[in-house]
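Undergrad: Here you go, structure-v8.txt (compact mmCIF, N, CA and C atoms):
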```txt
# COMPACT_ATOMS: atom_id res chain seq x y z
N MET A 24 -11.97 8.84 5.81
CA MET A 24 -10.58 8.60 6.10
C MET A 24 -9.83 9.92 5.95
N ASN A 25 -9.20 10.40 7.01
CA ASN A 25 -8.50 11.66 6.97
C ASN A 25 -7.05 11.52 6.53
N GLU A 26 -6.43 10.41 6.81
CA GLU A 26 -5.03 10.20 6.48
C GLU A 26 -4.93 9.26 5.31
N LEU A 27 -3.82 9.38 4.59
CA LEU A 27 -3.56 8.45 3.50
C LEU A 27 -3.24 7.10 4.11
N SER A 28 -4.05 6.12 3.81
CA SER A 28 -3.77 4.80 4.38
C SER A 28 -3.07 3.99 3.32
N LEU A 29 -1.85 3.62 3.64
CA LEU A 29 -1.02 2.88 2.69
C LEU A 29 -0.94 1.43 3.14
N PHE A 30 -1.66 0.60 2.46
CA PHE A 30 -1.63 -0.81 2.80
C PHE A 30 -0.84 -1.53 1.72
N ASN A 31 0.42 -1.80 2.01
CA ASN A 31 1.25 -2.54 1.08
C ASN A 31 0.86 -4.00 1.15
N ASN A 32 1.19 -4.71 0.13
CA ASN A 32 1.01 -6.15 0.20
C ASN A 32 1.80 -6.67 1.39
N PHE A 33 1.35 -7.73 1.98
CA PHE A 33 1.98 -8.26 3.18
C PHE A 33 3.48 -8.47 2.98
N PHE A 34 3.89 -8.86 1.80
CA PHE A 34 5.29 -9.18 1.57
C PHE A 34 6.12 -7.98 1.14
N ASP A 35 5.56 -6.81 0.99
CA ASP A 35 6.32 -5.65 0.53
C ASP A 35 7.47 -5.29 1.46
N ASP A 36 7.22 -5.23 2.75
CA ASP A 36 8.25 -4.80 3.69
C ASP A 36 8.88 -5.95 4.46
N VAL A 37 8.21 -7.10 4.52
CA VAL A 37 8.71 -8.18 5.35
C VAL A 37 8.80 -9.45 4.52
N LEU A 38 9.73 -9.48 3.60
CA LEU A 38 9.92 -10.70 2.81
C LEU A 38 11.14 -11.41 3.35
N PRO A 39 10.97 -12.60 3.85
CA PRO A 39 12.11 -13.30 4.46
C PRO A 39 13.12 -13.73 3.40
N VAL A 40 14.30 -14.01 3.87
CA VAL A 40 15.31 -14.57 3.00
C VAL A 40 14.86 -15.99 2.65
N LEU A 41 14.80 -16.28 1.37
CA LEU A 41 14.32 -17.57 0.94
C LEU A 41 15.48 -18.46 0.54
N PRO A 42 15.69 -19.57 1.23
CA PRO A 42 16.80 -20.44 0.85
C PRO A 42 16.47 -21.20 -0.42
N ASP A 43 17.43 -21.39 -1.25
CA ASP A 43 17.31 -22.21 -2.43
C ASP A 43 18.45 -23.21 -2.36
N TYR A 44 18.44 -24.21 -3.19
CA TYR A 44 19.43 -25.27 -3.07
C TYR A 44 20.87 -24.76 -3.06
N SER A 45 21.20 -23.83 -3.95
CA SER A 45 22.60 -23.43 -4.06
C SER A 45 22.85 -21.97 -3.72
N PHE A 46 21.81 -21.19 -3.46
CA PHE A 46 22.04 -19.78 -3.18
C PHE A 46 20.92 -19.22 -2.30
N THR A 47 21.16 -18.03 -1.80
CA THR A 47 20.16 -17.32 -1.01
C THR A 47 19.83 -16.04 -1.74
N ARG A 48 18.56 -15.68 -1.78
CA ARG A 48 18.15 -14.46 -2.47
C ARG A 48 17.25 -13.63 -1.56
N THR A 49 17.30 -12.34 -1.73
CA THR A 49 16.43 -11.45 -1.00
C THR A 49 15.79 -10.48 -1.98
N THR A 50 14.71 -9.89 -1.58
CA THR A 50 14.04 -8.91 -2.41
C THR A 50 14.12 -7.56 -1.72
N SER A 51 14.51 -6.56 -2.46
CA SER A 51 14.60 -5.21 -1.93
C SER A 51 13.61 -4.34 -2.67
N LEU A 52 12.77 -3.65 -1.93
CA LEU A 52 11.76 -2.80 -2.55
C LEU A 52 12.12 -1.34 -2.33
N PRO A 53 11.81 -0.51 -3.33
CA PRO A 53 12.08 0.92 -3.14
C PRO A 53 11.23 1.49 -2.02
N LYS A 54 11.82 2.36 -1.25
CA LYS A 54 11.12 2.99 -0.14
C LYS A 54 10.36 4.21 -0.63
N VAL A 55 9.30 4.55 0.08
CA VAL A 55 8.41 5.64 -0.31
C VAL A 55 8.26 6.62 0.84
N ASP A 56 8.31 7.91 0.52
CA ASP A 56 7.96 8.96 1.48
C ASP A 56 6.61 9.51 1.04
N VAL A 57 5.73 9.76 2.00
CA VAL A 57 4.41 10.33 1.69
C VAL A 57 4.21 11.55 2.57
N LYS A 58 3.85 12.65 1.92
CA LYS A 58 3.59 13.90 2.64
C LYS A 58 2.14 14.30 2.39
N GLU A 59 1.46 14.68 3.45
CA GLU A 59 0.07 15.12 3.35
C GLU A 59 0.00 16.63 3.50
N THR A 60 -0.70 17.29 2.58
CA THR A 60 -1.01 18.71 2.69
C THR A 60 -2.53 18.86 2.59
N LYS A 61 -3.00 20.07 2.75
CA LYS A 61 -4.44 20.30 2.61
C LYS A 61 -4.92 20.04 1.19
N GLU A 62 -4.02 20.25 0.21
CA GLU A 62 -4.39 20.13 -1.20
C GLU A 62 -4.13 18.76 -1.80
N SER A 63 -3.14 18.03 -1.26
CA SER A 63 -2.75 16.77 -1.91
C SER A 63 -1.98 15.86 -0.98
N TYR A 64 -1.77 14.64 -1.48
CA TYR A 64 -0.81 13.71 -0.92
C TYR A 64 0.33 13.66 -1.93
N ASP A 65 1.56 13.77 -1.45
CA ASP A 65 2.71 13.73 -2.34
C ASP A 65 3.55 12.51 -1.98
N MET A 66 3.84 11.69 -3.00
CA MET A 66 4.63 10.47 -2.80
C MET A 66 5.95 10.60 -3.54
N TYR A 67 7.03 10.16 -2.91
CA TYR A 67 8.36 10.19 -3.51
C TYR A 67 8.97 8.80 -3.36
N MET A 68 9.39 8.21 -4.49
CA MET A 68 9.98 6.88 -4.48
C MET A 68 11.34 6.92 -5.15
N ASP A 69 12.37 6.45 -4.45
CA ASP A 69 13.72 6.40 -5.03
C ASP A 69 13.83 5.19 -5.95
N LEU A 70 14.20 5.44 -7.21
CA LEU A 70 14.37 4.39 -8.19
C LEU A 70 15.69 4.60 -8.94
N PRO A 71 16.82 4.47 -8.25
CA PRO A 71 18.11 4.72 -8.90
C PRO A 71 18.36 3.73 -10.04
N GLY A 72 18.95 4.23 -11.10
CA GLY A 72 19.29 3.39 -12.23
C GLY A 72 18.13 3.11 -13.17
N MET A 73 16.96 3.63 -12.87
CA MET A 73 15.79 3.41 -13.74
C MET A 73 15.43 4.72 -14.41
N ASP A 74 14.59 4.61 -15.43
CA ASP A 74 14.03 5.80 -16.05
C ASP A 74 12.54 5.60 -16.23
N GLU A 75 11.88 6.61 -16.75
CA GLU A 75 10.42 6.57 -16.85
C GLU A 75 9.91 5.44 -17.74
N ASN A 76 10.76 4.92 -18.64
CA ASN A 76 10.34 3.82 -19.50
C ASN A 76 10.32 2.48 -18.77
N ASN A 77 11.01 2.37 -17.63
CA ASN A 77 11.05 1.13 -16.85
C ASN A 77 9.95 1.06 -15.81
N VAL A 78 9.23 2.16 -15.57
CA VAL A 78 8.29 2.23 -14.45
C VAL A 78 6.87 2.30 -14.97
N ASN A 79 5.97 1.56 -14.30
CA ASN A 79 4.56 1.56 -14.65
C ASN A 79 3.76 2.00 -13.42
N VAL A 80 2.88 2.99 -13.61
CA VAL A 80 2.01 3.47 -12.53
C VAL A 80 0.58 3.33 -13.03
N GLU A 81 -0.26 2.63 -12.26
CA GLU A 81 -1.65 2.49 -12.66
C GLU A 81 -2.56 2.54 -11.44
N LEU A 82 -3.79 2.97 -11.67
CA LEU A 82 -4.79 3.07 -10.61
C LEU A 82 -5.97 2.20 -11.00
N ASP A 83 -6.36 1.30 -10.11
CA ASP A 83 -7.48 0.42 -10.37
C ASP A 83 -8.29 0.27 -9.09
N HIS A 84 -9.53 0.73 -9.11
CA HIS A 84 -10.43 0.64 -7.96
C HIS A 84 -9.78 1.16 -6.68
N ASN A 85 -9.24 2.36 -6.76
CA ASN A 85 -8.67 3.05 -5.61
C ASN A 85 -7.37 2.41 -5.08
N VAL A 86 -6.76 1.54 -5.86
CA VAL A 86 -5.48 0.95 -5.50
C VAL A 86 -4.44 1.43 -6.52
N LEU A 87 -3.43 2.14 -6.00
CA LEU A 87 -2.35 2.64 -6.83
C LEU A 87 -1.25 1.59 -6.86
N LYS A 88 -0.87 1.16 -8.06
CA LYS A 88 0.17 0.13 -8.20
C LYS A 88 1.34 0.74 -8.96
N ILE A 89 2.53 0.63 -8.36
CA ILE A 89 3.76 1.10 -8.99
C ILE A 89 4.63 -0.14 -9.18
N SER A 90 5.06 -0.38 -10.42
CA SER A 90 5.84 -1.58 -10.70
C SER A 90 6.91 -1.28 -11.74
N SER A 91 7.85 -2.20 -11.85
CA SER A 91 8.92 -2.05 -12.82
C SER A 91 9.54 -3.40 -13.14
N VAL A 92 9.98 -3.53 -14.37
CA VAL A 92 10.77 -4.67 -14.79
C VAL A 92 11.89 -4.14 -15.65
N ARG A 93 13.11 -4.44 -15.25
CA ARG A 93 14.27 -4.03 -16.04
C ARG A 93 15.02 -5.30 -16.42
N GLU A 94 15.01 -5.60 -17.69
CA GLU A 94 15.65 -6.83 -18.18
C GLU A 94 17.14 -6.65 -18.34
N GLU A 95 17.85 -7.75 -18.34
CA GLU A 95 19.29 -7.75 -18.54
C GLU A 95 19.59 -7.38 -19.99
N LYS A 96 20.60 -6.55 -20.16
CA LYS A 96 21.05 -6.21 -21.51
C LYS A 96 21.85 -7.37 -22.06
N LYS A 97 21.63 -7.66 -23.35
CA LYS A 97 22.38 -8.74 -23.99
C LYS A 97 23.82 -8.29 -24.17
N GLU A 98 24.74 -9.12 -23.75
CA GLU A 98 26.17 -8.79 -23.80
C GLU A 98 26.85 -9.60 -24.88
N ASP A 99 27.94 -9.07 -25.38
CA ASP A 99 28.77 -9.78 -26.32
C ASP A 99 29.40 -10.96 -25.57
N LYS A 100 29.32 -12.14 -26.15
CA LYS A 100 29.81 -13.35 -25.49
C LYS A 100 31.35 -13.46 -25.50
N SER A 101 32.02 -12.63 -26.29
CA SER A 101 33.48 -12.74 -26.33
C SER A 101 34.08 -12.26 -25.02
N GLU A 102 35.24 -12.75 -24.69
CA GLU A 102 35.90 -12.39 -23.44
C GLU A 102 37.03 -11.39 -23.68
N LYS A 103 37.01 -10.67 -24.80
CA LYS A 103 38.10 -9.75 -25.10
C LYS A 103 38.18 -8.60 -24.09
N ASP A 104 37.03 -8.20 -23.51
CA ASP A 104 37.02 -7.13 -22.51
C ASP A 104 37.00 -7.68 -21.09
N GLY A 105 37.22 -8.97 -20.94
CA GLY A 105 37.20 -9.59 -19.62
C GLY A 105 35.92 -10.38 -19.42
N LYS A 106 35.87 -11.08 -18.32
CA LYS A 106 34.67 -11.85 -18.00
C LYS A 106 34.21 -11.50 -16.60
N TYR A 107 32.93 -11.63 -16.40
CA TYR A 107 32.35 -11.34 -15.09
C TYR A 107 32.65 -12.46 -14.12
N LEU A 108 33.03 -12.10 -12.92
CA LEU A 108 33.18 -13.06 -11.84
C LEU A 108 31.92 -13.12 -11.00
N ILE A 109 31.23 -11.98 -10.88
CA ILE A 109 29.97 -11.88 -10.15
C ILE A 109 29.01 -11.04 -11.00
N ARG A 110 27.77 -11.49 -11.16
CA ARG A 110 26.73 -10.72 -11.88
C ARG A 110 25.49 -10.68 -10.99
N GLU A 111 25.31 -9.57 -10.27
CA GLU A 111 24.15 -9.42 -9.39
C GLU A 111 23.15 -8.41 -9.91
N ARG A 112 23.48 -7.66 -10.95
CA ARG A 112 22.61 -6.59 -11.43
C ARG A 112 21.90 -6.95 -12.73
N ARG A 113 21.57 -8.18 -12.91
CA ARG A 113 20.99 -8.61 -14.17
C ARG A 113 19.57 -8.09 -14.39
N MET A 114 18.72 -8.26 -13.41
CA MET A 114 17.34 -7.88 -13.59
C MET A 114 16.83 -7.27 -12.28
N ALA A 115 16.06 -6.23 -12.40
CA ALA A 115 15.47 -5.62 -11.21
C ALA A 115 13.98 -5.45 -11.47
N ASN A 116 13.16 -6.02 -10.61
CA ASN A 116 11.74 -5.79 -10.74
C ASN A 116 11.11 -5.68 -9.36
N PHE A 117 10.01 -4.96 -9.30
CA PHE A 117 9.30 -4.80 -8.04
C PHE A 117 7.87 -4.43 -8.34
N SER A 118 7.04 -4.55 -7.33
CA SER A 118 5.65 -4.11 -7.42
C SER A 118 5.21 -3.70 -6.03
N ARG A 119 4.66 -2.50 -5.92
CA ARG A 119 4.12 -2.01 -4.64
C ARG A 119 2.71 -1.51 -4.90
N SER A 120 1.82 -1.78 -3.96
CA SER A 120 0.42 -1.36 -4.08
C SER A 120 0.04 -0.55 -2.85
N PHE A 121 -0.74 0.50 -3.09
CA PHE A 121 -1.19 1.40 -2.03
C PHE A 121 -2.68 1.63 -2.18
N THR A 122 -3.42 1.41 -1.11
CA THR A 122 -4.85 1.70 -1.11
C THR A 122 -5.02 3.17 -0.77
N LEU A 123 -5.68 3.90 -1.66
CA LEU A 123 -5.82 5.35 -1.48
C LEU A 123 -7.10 5.69 -0.73
N PRO A 124 -7.08 6.77 0.02
CA PRO A 124 -8.31 7.20 0.71
C PRO A 124 -9.32 7.75 -0.30
N ASP A 125 -10.55 7.89 0.16
CA ASP A 125 -11.63 8.32 -0.72
C ASP A 125 -11.51 9.76 -1.19
N ASP A 126 -10.70 10.59 -0.52
CA ASP A 126 -10.63 12.00 -0.90
C ASP A 126 -9.58 12.30 -1.99
N VAL A 127 -9.04 11.28 -2.64
CA VAL A 127 -8.10 11.50 -3.74
C VAL A 127 -8.89 11.67 -5.04
N ASP A 128 -8.56 12.72 -5.79
CA ASP A 128 -9.18 12.97 -7.09
C ASP A 128 -8.40 12.19 -8.15
N ALA A 129 -8.88 11.00 -8.47
CA ALA A 129 -8.15 10.08 -9.36
C ALA A 129 -7.91 10.67 -10.75
N SER A 130 -8.78 11.54 -11.21
CA SER A 130 -8.62 12.10 -12.56
C SER A 130 -7.49 13.11 -12.65
N LYS A 131 -6.95 13.55 -11.53
CA LYS A 131 -5.91 14.58 -11.54
C LYS A 131 -4.56 14.09 -10.99
N ILE A 132 -4.38 12.79 -10.82
CA ILE A 132 -3.11 12.27 -10.33
C ILE A 132 -2.04 12.51 -11.40
N SER A 133 -0.87 12.97 -10.96
CA SER A 133 0.22 13.20 -11.91
C SER A 133 1.51 12.57 -11.38
N ALA A 134 2.39 12.21 -12.31
CA ALA A 134 3.66 11.58 -11.95
C ALA A 134 4.78 12.23 -12.76
N VAL A 135 5.91 12.48 -12.07
CA VAL A 135 7.10 13.06 -12.71
C VAL A 135 8.30 12.22 -12.30
N PHE A 136 9.15 11.90 -13.27
CA PHE A 136 10.35 11.13 -12.98
C PHE A 136 11.55 11.99 -13.29
N LYS A 137 12.40 12.23 -12.27
CA LYS A 137 13.57 13.09 -12.46
C LYS A 137 14.69 12.62 -11.54
N ASN A 138 15.89 12.44 -12.10
CA ASN A 138 17.08 12.08 -11.32
C ASN A 138 16.87 10.84 -10.44
N GLY A 139 16.19 9.84 -10.97
CA GLY A 139 16.00 8.60 -10.24
C GLY A 139 14.93 8.65 -9.16
N ILE A 140 14.13 9.71 -9.14
CA ILE A 140 13.06 9.83 -8.14
C ILE A 140 11.72 9.96 -8.86
N LEU A 141 10.79 9.08 -8.51
CA LEU A 141 9.42 9.16 -9.01
C LEU A 141 8.62 9.97 -8.01
N ALA A 142 8.05 11.08 -8.48
CA ALA A 142 7.23 11.94 -7.62
C ALA A 142 5.79 11.90 -8.13
N LEU A 143 4.88 11.52 -7.24
CA LEU A 143 3.46 11.47 -7.58
C LEU A 143 2.71 12.51 -6.77
N THR A 144 1.82 13.22 -7.41
CA THR A 144 0.94 14.16 -6.73
C THR A 144 -0.48 13.62 -6.83
N LEU A 145 -1.10 13.41 -5.68
CA LEU A 145 -2.45 12.88 -5.60
C LEU A 145 -3.35 13.98 -5.03
N PRO A 146 -3.95 14.80 -5.91
CA PRO A 146 -4.77 15.91 -5.42
C PRO A 146 -5.97 15.41 -4.61
N ARG A 147 -6.31 16.18 -3.60
CA ARG A 147 -7.44 15.85 -2.75
C ARG A 147 -8.68 16.61 -3.21
N THR A 148 -9.82 15.98 -3.04
CA THR A 148 -11.09 16.66 -3.30
C THR A 148 -11.58 17.21 -1.97
N SER A 149 -12.43 18.19 -2.05
CA SER A 149 -12.98 18.73 -0.81
C SER A 149 -13.95 17.72 -0.23
N ALA A 150 -13.94 17.62 1.07
CA ALA A 150 -14.85 16.69 1.74
C ALA A 150 -16.28 17.15 1.54
N PRO A 151 -17.17 16.24 1.23
CA PRO A 151 -18.57 16.65 1.04
C PRO A 151 -19.17 17.15 2.36
N GLU A 152 -19.94 18.19 2.24
CA GLU A 152 -20.61 18.75 3.41
C GLU A 152 -21.73 17.81 3.87
N PRO A 153 -21.96 17.75 5.19
CA PRO A 153 -23.07 16.91 5.66
C PRO A 153 -24.40 17.42 5.08
N LYS A 154 -25.24 16.49 4.72
CA LYS A 154 -26.52 16.86 4.12
C LYS A 154 -27.65 16.59 5.11
N LYS A 155 -28.46 17.59 5.31
CA LYS A 155 -29.61 17.45 6.20
C LYS A 155 -30.72 16.78 5.41
N ILE A 156 -31.28 15.74 5.99
CA ILE A 156 -32.37 15.01 5.34
C ILE A 156 -33.65 15.33 6.10
N SER A 157 -34.58 15.86 5.35
CA SER A 157 -35.84 16.22 6.00
C SER A 157 -36.73 14.99 6.18
N ILE A 158 -37.50 15.03 7.23
CA ILE A 158 -38.38 13.90 7.56
C ILE A 158 -39.80 14.35 7.33
N THR A 159 -40.53 13.54 6.60
CA THR A 159 -41.94 13.87 6.35
C THR A 159 -42.83 12.92 7.16
N ALA A 160 -43.97 13.44 7.56
CA ALA A 160 -44.91 12.63 8.33
C ALA A 160 -45.62 11.68 7.40
N ALA A 161 -45.86 10.47 7.84
CA ALA A 161 -46.53 9.49 7.02
C ALA A 161 -48.01 9.43 7.31
```
Just give me the structure of the file as structure tokens.

TA:
Amino acid sequence: MNELSLFNNFFDDVLPVLPDYSFTRTTSLPKVDVKETKESYDMYMDLPGMDENNVNVELDHNVLKISSVREEKKEDKSEKDGKYLIRERRMANFSRSFTLPDDVDASKISAVFKNGILALTLPRTSAPEPKKISITAA
């Protein structure tokens, strides 16, 4: 495989609006940019409002999974500072999975989180040279 093949879960990019009895909800997933160089694949994911403690990155059998859960902060129940009329930012969670090509060196993957952007560097290994197999007479 020469290119990074990113196979998201079927529902990552195309999740329909799901009706519920009293409300409608949608899921929004962070978008990813992927750049290929001779040395590595570089991934950039926008995660505004999050920090490195909210994000989990793991690699399992050549599948890179990036996920997050941000719980609602407990608020003072008193109404001295006003009351909310709309609360849409209570919890944010997502999970994205990417199948990596065989030329990624899994032991050297690195991740940096800065200014709401998760940057992953996936170093490439050199492609193995073709091996000549000698044939012996039987």

Undergrad: Find the residue from A:Val92, A:Val135, A:Leu145, A:Leu87 that sits nearest to Thr122 of chain A; use only C-alpha atoms when measuring.

TA: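 Between A:Val92, A:Val135, A:Leu145, A:Leu87, the residue approaching Thr122 of chain A most closely is A:Leu87.
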
Undergrad: Quick one: everything within 8 Å of segment 54-63 of chain A, counting all atoms listed in the file, minus sequence neighbours fewer than 5 positions away in the same chain. Send it as an mmCIF file with N, CA and C atoms, keeping the file's coordinate frame.

TA:
```
data_model
loop_
_atom_site.group_PDB
_atom_site.id
_atom_site.type_symbol
_atom_site.label_atom_id
_atom_site.label_comp_id
_atom_site.auth_asym_id
_atom_site.auth_seq_id
_atom_site.Cartn_x
_atom_site.Cartn_y
_atom_site.Cartn_z
ATOM 1 N N GLU A 26 -6.430 10.410 6.810
ATOM 2 C CA GLU A 26 -5.030 10.200 6.480
ATOM 3 C C GLU A 26 -4.930 9.260 5.310
ATOM 4 N N LEU A 27 -3.820 9.380 4.590
ATOM 5 C CA LEU A 27 -3.560 8.450 3.500
ATOM 6 C C LEU A 27 -3.240 7.100 4.110
ATOM 7 N N MET A 68 9.390 8.210 -4.490
ATOM 8 C CA MET A 68 9.980 6.880 -4.480
ATOM 9 C C MET A 68 11.340 6.920 -5.150
ATOM 10 N N ASP A 69 12.370 6.450 -4.450
ATOM 11 C CA ASP A 69 13.720 6.400 -5.030
ATOM 12 C C ASP A 69 13.830 5.190 -5.950
ATOM 13 N N LEU A 70 14.200 5.440 -7.210
ATOM 14 C CA LEU A 70 14.370 4.390 -8.190
ATOM 15 C C LEU A 70 15.690 4.600 -8.940
ATOM 16 N N VAL A 127 -9.040 11.280 -2.640
ATOM 17 C CA VAL A 127 -8.100 11.500 -3.740
ATOM 18 C C VAL A 127 -8.890 11.670 -5.040
ATOM 19 N N THR A 144 1.820 13.220 -7.410
ATOM 20 C CA THR A 144 0.940 14.160 -6.730
ATOM 21 C C THR A 144 -0.480 13.620 -6.830
ATOM 22 N N LEU A 145 -1.100 13.410 -5.680
ATOM 23 C CA LEU A 145 -2.450 12.880 -5.600
ATOM 24 C C LEU A 145 -3.350 13.980 -5.030
ATOM 25 N N PRO A 146 -3.950 14.800 -5.910
ATOM 26 C CA PRO A 146 -4.770 15.910 -5.420
ATOM 27 C C PRO A 146 -5.970 15.410 -4.610
ATOM 28 N N ARG A 147 -6.310 16.180 -3.600
ATOM 29 C CA ARG A 147 -7.440 15.850 -2.750
ATOM 30 C C ARG A 147 -8.680 16.610 -3.210
ATOM 31 N N THR A 148 -9.820 15.980 -3.040
ATOM 32 C CA THR A 148 -11.090 16.660 -3.300
ATOM 33 C C THR A 148 -11.580 17.210 -1.970
#
```

Undergrad: Could you check how far atom N of Val78 of chain A sits from atom CA of Lys106 of chain A, in Å to one decimal?

TA: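 Between atom N of Val78 of chain A and atom CA of Lys106 of chain A the gap works out to 29.1 Å.
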
Undergrad: Tell me, in Å to one decimal, how far atom C of Phe136 of chain A is from atom CA of Gly72 of chain A.

TA: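 It comes out at 11.6 Å.
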
Undergrad: Grab the atom CA of Ile89 of chain A to atom C of Arg119 of chain A distance for me, in Å with one decimal place.

TA: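 A separation of 5.0 Å between them.
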
Undergrad: Measuring atom to atom with all atoms listed in the file, identify which of A:Ala161, A:Asp65, A:Ser90, A:Glu81 is nearest to Phe117 of chain A.

TA: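 For Phe117 of chain A, the nearest of the given residues is A:Ser90.
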
Undergrad: Assuming 8 Å of padding per side, give the centre and edge lengths of the axis-aligned box around every listed atom of segment 61-72 of chain A, in Å to one decimal and as AutoDock Vina command-line options.

TA:
```
--center_x 7.2 --center_y 11.7 --center_z -5.2 --size_x 40.2 --size_y 33.2 --size_z 31.9
```

Undergrad: Quick check for you: according to DSSP on this backbone, which residues of segment 47-146 of chain A are classed as strand (DSSP E or B)? Reply as number ranges by chain.

TA: A: 47-48, 55-59, 63-69, 78-83, 86-93, 115-122, 127, 133-137, 140-146

Undergrad: Smallest atom-to-atom distance to Leu82 of chain A: which of A:Lys154, A:Ala129, A:Gly105, A:Pro53, using only N, CA and C atoms?

TA: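 Among the listed residues, the smallest separation from Leu82 of chain A belongs to A:Ala129.
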